[in-house]
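J.: What follows is a single structure, and I will ask about it in a moment.
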Amino acid sequence: MRSIACLVALVAIGTSPGSAQSLPGTKPLEFKGDLARHMLDGMDRFLDKMLAQSAEKREAKWKKEVSFGADFETSIQPYRDRLRKLIGAIDPRPAFDALDYVGGSATASLIADAGDCKIYAVRWPALRGMHAEGLYLEPARKAVGGAVVVPDADHTPEQIAGLDRKTKGDGPTGLKLAMQGWAVLVPTPIDRSSKFSGNADIQRSTVQPHREFVYRMAFEMGRHVIGYEVQKTLAAVDWFEKQKMPKIGVWGWGEGGSIALYSGALDPRITETHISGYVRPREHLPKEPIDRNVWALLNDFGDAELLAMAGAKTPGRFVEVEAAPEPKVQGPPIAAKGYTGPTPGDLGDLTAAETKREWDRMAVLVGGAPKEGFRESVGLPPFQTKAEGSMPKDLRTKFDPQQRQRRQVQEAIDFTQALLPEAARKRQDTFWSKLDTKSLEAFKNSQKPLRGRMWNQLVGKLPEPTMPLNPRTKRVYDTPKWKGYEVVLDVYEDVVAYGILLVPNDLKPDEKRPVVVCQHGLEGRPTDVVDPTQKTKFYNSFGAQLADQGYVVFAPQNPYIFKNDFRQVVRKANPLGLSIYSFIARQHERILQFLGTLDFVDTTKIAYYGLSYGGKVAMRIPALLEGYCLSICSGDFNEWIWKNITLDWGGSYMFSGEYEMYEFDLANTFSYAEMAALIAPRPFMVERGHDDGVGLDEHVAFEYAKVRRLYAKLNIADRTEIEFFSGGHEIHGKGTFEFLRRHSKGK
């Protein structure tokens with residue numbers, strides 16, 4: 001704290017721009033370099049430490065909550081429920097009594113006769129309107145058990161059945177198992193090509209792999225491409241159970257190993273789980289293809305925990321892990337002209353030592369290694385091991401596996417898109433029905449659990465800051481009306497908050513001014529907001545304009561900068577149940593705390609105003625932090641869920657490179673109207689340019705109507721408004737400035 005007299009003396013000095021003089025009461029800021037880079041790199045290091053500690057934290061939690069004795073299945077049930085939710089395997093599977101023979105009859109669908117088994121083209125229902133489709137290998141004798149063999153994403157069922165001569169080796173796993181008497185179902189996986197990743201009707205194409213294309217929309221809806229394929233596998237298990245098979249097993253290599261492991265962990269009916277070319281310390285996840293990204297996975301599950309759940313030491317169940325090479329995937333291709341949206345991610349560096357390390361961790365977890373179950377590959381992956389007998393011949397002459405792949409991708413898309421209206425109903429049931437609008441006091445009380453749910457489950461809540469505030473400042477602007485200071489605040493070890501503070505020159509002793517926190521957008525910087533020398537593109541230097549009008553202004557540096565570098569930070573955060581907003585929330589807590597130490601700040605009138613990505617923050621952070629007295633969302637407010645997953649509009653994030661936009665299960669919990677309802681009863685405003693390509697007026701107005709209705713029900717309709725203006729993606733600064741004046745200055 002310091003007296004206002006000291007500040008008046010300071011602003012009268014008239015030092016030149018770039019002076020190293022600090023704001024009184026703070027330490028000098030002596031950092032040399034790019035503060036934005038320093039901030040982002042610190043977050044990256046912070047997450048690396050969290051990832052490194054995650055296995056130890058999981059083990060401590062499991063030892064406390066899980067019994068590996070007779071009541072193992074009971075104690076593990078909450079974990080199974082949690083895992084089912086995280087991979088989106090939550091929808092009921094339809095009952096069915098028979099496989100569908102593709103071709104019209106068993107005779108027509110018979111595609112090969114290997115003597116010891118017959119091979120049929122089949123499909124079976126997995127979810128509403130979604131089928132598994134592949135091959136059924138029926139042994140000539142009574143089946144010894146039912147086997148689901150899940151191919152890697154870039155393998156076909158024909159390769160698993162020995163029908164594809166391009167496969168190295170004489171006979172893959174499915175054929176070998178059938179010749180040993182197993183009844184075998186081989187589903188078609190959604191693959192890593194991109195032929196169907198787009199919408200030809202609106203001439204939008206991407207080079208996102210099919211798996212990523214489905215992952216994006218499913219993730220937003222609380223589903224997952226992993227969950228869809230697990231459901232297909234478990235639907236096969238359902239059928240084998242109806243056939244009264246004496247045992248049921250799942251096999252998989254690469255991506256198939258992933259599905260086999262998740263399936264075995266979820267379903268105790270599976271008595272054998274065989275995984276190859278997949279098991280490793282899952283802290284490696286952020287480097288892998290994004291379709292493997294599972295929100296909050298590492299808080300409860302690594303591969304060791306999943307192996308334990310799959311029955312690695314459970315009587316009557318058997319788990320086998322083969323330390324074999326994983327598929328080699330050199331990430332998606334770089335987007336060519338007219339194509340957009342691939343996410344970096346590679347496979348191919350898995351070592352036997354890594355697989356053994358995770359197996360050994362599982363052994364420690366369950367209190368001793370199983371006598372059998374781990375082996376190292378002596379050659380090719382198991383899908384390419386030698387089978388007994390002669391190779392079958394595919395009788396089909398014009399079969400096109402691409403058409404089957406198209407059906408698999410399209411059914412996943414159709415199922416996910418059909419969840420949109422259901423999600424709106426769920427938000428009504430789980431959010432709006434919980435709000436009490438009888439009085440403002442009752443309303444505020446009803447908000448509290450919803451706010452906690454948003455922070456903990458959607459945004460991801462980091463621990464309380466561990467460092468003193470320790471403000472460091474340096475003067476960087478000196479104008480006739482105000483002076484500007486770079487400000488750095490500590491949050492955690494390695495993590496800082498950074499921004500530029502504008503202080504009016506005409507402050508009177510003991511005067512307290514309202515503050516506007518002015519937020520830049522994607523790849524922006526505070527200087528875009530506060531530059532006094534020009535009207536900057538998009539932002540029109542709106543922070544400088546407001547400072548000219550006498551407001552105290554703070555322009556934070558938010559971490560959505562340096563393109564894939566910040567997106568990689570998001571990749572590291574997601575498996576820990578964290579997001580980019582996890583950091584932004586804690587940074588803005590620090591900013592509010594710092595502003596509260598300034599004698600000239602009216603802490604009851606700290607407003608938030610953000611454009612574009614700053615508008616996304618304007619929806620989320622004031623919803624969480626009640627220290628903001630109002631919020632203005634510019635160039636972003638939307639029917640947000642639709643914008644994220646629709647394939648019918650070219651501005652959808654499905655066609656962009658901004659893969660970090662997707663927030664797990666957002667659709668069923670909070671869209672923008674719900675976030676605004678957590679900002680209420682504080683004033684809230686939307687600024688929307690008719691020509692702004694981030695949305696459509698009709699959708700913006702549709703979502704805002706819900707907000708206006710809520711404020712009207714609370715008898716505070718004068719606290720919210722929307723301004724449409726003729727213009728594009730920019731700060732208009734007309735109605736919003738008047739809104740700020742009315743609600744922060746009270747004039």
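Residues are referred to by chain and number: the chain letter is A, B, ... according to the order shown in the structure tokens, the number counts from 1 in that chain, and ligands are numbered separately from 1 in the order shown.
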Near segment 626-641 of chain A, counting only C-alpha atoms, which residues have an atom at most 7 Å away, once you skip same-chain residues fewer than 3 positions from it, shown as a ChimeraX atom specification?
T.: /A:592,604-612,615-616,618-619,622,644-645,667,671-672,682-688,692,694-695,699-700,703,729-731
J.: May I have the residues within 12 Å of Leu298 of chain A as an NGL selection string, using only C-alpha atoms and disregarding those fewer than 5 positions away in the same chain?
T.: :A and (50-59 or 61 or 82-83 or 86 or 281-286 or 293 or 303-306 or 572-578)
J.: Generate the output file for the selected residues, N, CA and C atoms, as a JSON list (two decimals), in the first residue's frame.
T.:
```
[["chain", "number", "residue", "atom", "x", "y", "z"],
["A", 50, "MET", "N", 3.77, -31.54, -13.12],
["A", 50, "MET", "CA", 2.52, -32.20, -12.74],
["A", 50, "MET", "C", 2.38, -33.56, -13.40],
["A", 51, "LEU", "N", 2.75, -33.64, -14.68],
["A", 51, "LEU", "CA", 2.68, -34.92, -15.38],
["A", 51, "LEU", "C", 3.62, -35.93, -14.74],
["A", 52, "ALA", "N", 4.82, -35.49, -14.39],
["A", 52, "ALA", "CA", 5.80, -36.39, -13.79],
["A", 52, "ALA", "C", 5.34, -36.91, -12.43],
["A", 53, "GLN", "N", 4.54, -36.13, -11.72],
["A", 53, "GLN", "CA", 4.07, -36.52, -10.39],
["A", 53, "GLN", "C", 2.76, -37.30, -10.42],
["A", 54, "SER", "N", 2.13, -37.38, -11.59],
["A", 54, "SER", "CA", 0.77, -37.92, -11.65],
["A", 54, "SER", "C", 0.70, -39.40, -11.27],
["A", 55, "ALA", "N", 1.68, -40.20, -11.68],
["A", 55, "ALA", "CA", 1.64, -41.64, -11.37],
["A", 55, "ALA", "C", 1.72, -41.87, -9.87],
["A", 56, "GLU", "N", 2.60, -41.15, -9.21],
["A", 56, "GLU", "CA", 2.74, -41.30, -7.76],
["A", 56, "GLU", "C", 1.44, -40.90, -7.04],
["A", 57, "LYS", "N", 0.79, -39.84, -7.50],
["A", 57, "LYS", "CA", -0.46, -39.41, -6.89],
["A", 57, "LYS", "C", -1.57, -40.44, -7.12],
["A", 58, "ARG", "N", -1.59, -41.03, -8.31],
["A", 58, "ARG", "CA", -2.59, -42.06, -8.59],
["A", 58, "ARG", "C", -2.41, -43.26, -7.67],
["A", 59, "GLU", "N", -1.16, -43.69, -7.54],
["A", 59, "GLU", "CA", -0.89, -44.86, -6.72],
["A", 59, "GLU", "C", -1.31, -44.64, -5.28],
["A", 61, "LYS", "N", -3.67, -42.65, -4.25],
["A", 61, "LYS", "CA", -5.12, -42.63, -4.23],
["A", 61, "LYS", "C", -5.68, -44.05, -4.30],
["A", 82, "ARG", "N", -16.24, -43.84, -13.49],
["A", 82, "ARG", "CA", -15.49, -42.65, -13.88],
["A", 82, "ARG", "C", -14.86, -42.83, -15.25],
["A", 83, "LEU", "N", -14.26, -43.98, -15.50],
["A", 83, "LEU", "CA", -13.62, -44.23, -16.78],
["A", 83, "LEU", "C", -14.64, -44.21, -17.91],
["A", 86, "LEU", "N", -15.27, -40.66, -18.78],
["A", 86, "LEU", "CA", -14.16, -39.96, -19.42],
["A", 86, "LEU", "C", -13.98, -40.33, -20.88],
["A", 281, "PRO", "N", 4.04, -45.68, -20.08],
["A", 281, "PRO", "CA", 3.64, -44.60, -19.17],
["A", 281, "PRO", "C", 2.81, -43.58, -19.96],
["A", 282, "ARG", "N", 1.59, -43.36, -19.54],
["A", 282, "ARG", "CA", 0.66, -42.56, -20.34],
["A", 282, "ARG", "C", 0.91, -41.06, -20.21],
["A", 283, "GLU", "N", 1.90, -40.67, -19.41],
["A", 283, "GLU", "CA", 2.30, -39.27, -19.37],
["A", 283, "GLU", "C", 2.84, -38.81, -20.73],
["A", 284, "HIS", "N", 3.06, -39.76, -21.61],
["A", 284, "HIS", "CA", 3.49, -39.49, -22.98],
["A", 284, "HIS", "C", 2.34, -38.98, -23.85],
["A", 285, "LEU", "N", 1.13, -39.04, -23.33],
["A", 285, "LEU", "CA", -0.08, -38.76, -24.09],
["A", 285, "LEU", "C", -0.06, -37.45, -24.89],
["A", 286, "PRO", "N", 0.45, -36.33, -24.35],
["A", 286, "PRO", "CA", 0.40, -35.07, -25.11],
["A", 286, "PRO", "C", 1.17, -35.10, -26.43],
["A", 293, "ASN", "N", -6.38, -38.18, -26.71],
["A", 293, "ASN", "CA", -6.51, -37.27, -25.58],
["A", 293, "ASN", "C", -7.78, -37.59, -24.78],
["A", 303, "ASP", "N", -1.84, -46.68, -17.70],
["A", 303, "ASP", "CA", -2.03, -48.03, -18.23],
["A", 303, "ASP", "C", -1.93, -49.08, -17.13],
["A", 304, "ALA", "N", -1.10, -48.84, -16.10],
["A", 304, "ALA", "CA", -0.99, -49.80, -15.00],
["A", 304, "ALA", "C", -2.32, -49.99, -14.29],
["A", 305, "GLU", "N", -3.01, -48.87, -14.03],
["A", 305, "GLU", "CA", -4.31, -48.96, -13.37],
["A", 305, "GLU", "C", -5.33, -49.67, -14.24],
["A", 306, "LEU", "N", -5.30, -49.40, -15.56],
["A", 306, "LEU", "CA", -6.23, -50.07, -16.46],
["A", 306, "LEU", "C", -5.95, -51.57, -16.54],
["A", 572, "LYS", "N", -0.96, -30.85, -22.74],
["A", 572, "LYS", "CA", -0.41, -31.35, -21.48],
["A", 572, "LYS", "C", -1.40, -31.18, -20.33],
["A", 573, "ALA", "N", -2.20, -30.13, -20.39],
["A", 573, "ALA", "CA", -3.14, -29.84, -19.30],
["A", 573, "ALA", "C", -4.33, -30.79, -19.29],
["A", 574, "ASN", "N", -4.86, -31.12, -20.47],
["A", 574, "ASN", "CA", -6.11, -31.88, -20.55],
["A", 574, "ASN", "C", -6.09, -33.22, -19.82],
["A", 575, "PRO", "N", -5.04, -34.07, -19.98],
["A", 575, "PRO", "CA", -5.07, -35.36, -19.26],
["A", 575, "PRO", "C", -5.04, -35.20, -17.74],
["A", 576, "LEU", "N", -4.71, -33.99, -17.27],
["A", 576, "LEU", "CA", -4.72, -33.70, -15.83],
["A", 576, "LEU", "C", -6.03, -33.06, -15.40],
["A", 577, "GLY", "N", -7.00, -32.96, -16.31],
["A", 577, "GLY", "CA", -8.27, -32.33, -15.99],
["A", 577, "GLY", "C", -8.15, -30.82, -15.91],
["A", 578, "LEU", "N", -7.25, -30.25, -16.72],
["A", 578, "LEU", "CA", -7.01, -28.81, -16.73],
["A", 578, "LEU", "C", -7.13, -28.27, -18.15]]
```
J.: Determine, counting only C-alpha atoms, which protein, DNA and RNA residues have an atom within 12 Å of an atom of Ala353 of chain A; residues of the same chain fewer than 3 positions away are not included. Present the result as JSON, numbers by chain.
T.: {"A": [279, 280, 281, 322, 323, 324, 325, 349, 350, 356, 357, 358, 359, 360, 374, 375, 376, 377]}
J.: Just want the 10 Å neighbourhood of segment 116-120 of chain A, counted on only C-alpha atoms, with same-chain residues fewer than 3 positions away dropped. Output as a PyMOL selection string.
T.: chain A and resi 101-103+105-113+123+134-141+158+161+163+175+177-185+388-390+392-394
J.: Would you mind writing down, as an MDAnalysis selection string, each residue of segment 630-678 of chain A that DSSP on the backbone assigns to strand (DSSP E)?
T.: chainID A and resid 630:634
J.: Write the residues of the selection above to a file with N, CA and C atoms, as a CSV table (one decimal), in the first residue's frame.
T.:
```
chain,number,residue,atom,x,y,z
A,630,LEU,N,-18.7,-6.5,-13.9
A,630,LEU,CA,-19.5,-6.7,-15.1
A,630,LEU,C,-18.6,-7.3,-16.1
A,631,SER,N,-19.2,-7.8,-17.2
A,631,SER,CA,-18.5,-8.4,-18.3
A,631,SER,C,-19.0,-8.0,-19.6
A,632,ILE,N,-18.1,-7.7,-20.6
A,632,ILE,CA,-18.5,-7.4,-22.0
A,632,ILE,C,-17.8,-8.4,-22.9
A,633,CYS,N,-18.6,-9.1,-23.6
A,633,CYS,CA,-18.1,-10.1,-24.6
A,633,CYS,C,-18.2,-9.5,-26.0
A,634,SER,N,-17.1,-9.3,-26.7
A,634,SER,CA,-17.1,-8.7,-28.0
A,634,SER,C,-16.5,-9.7,-29.0
```
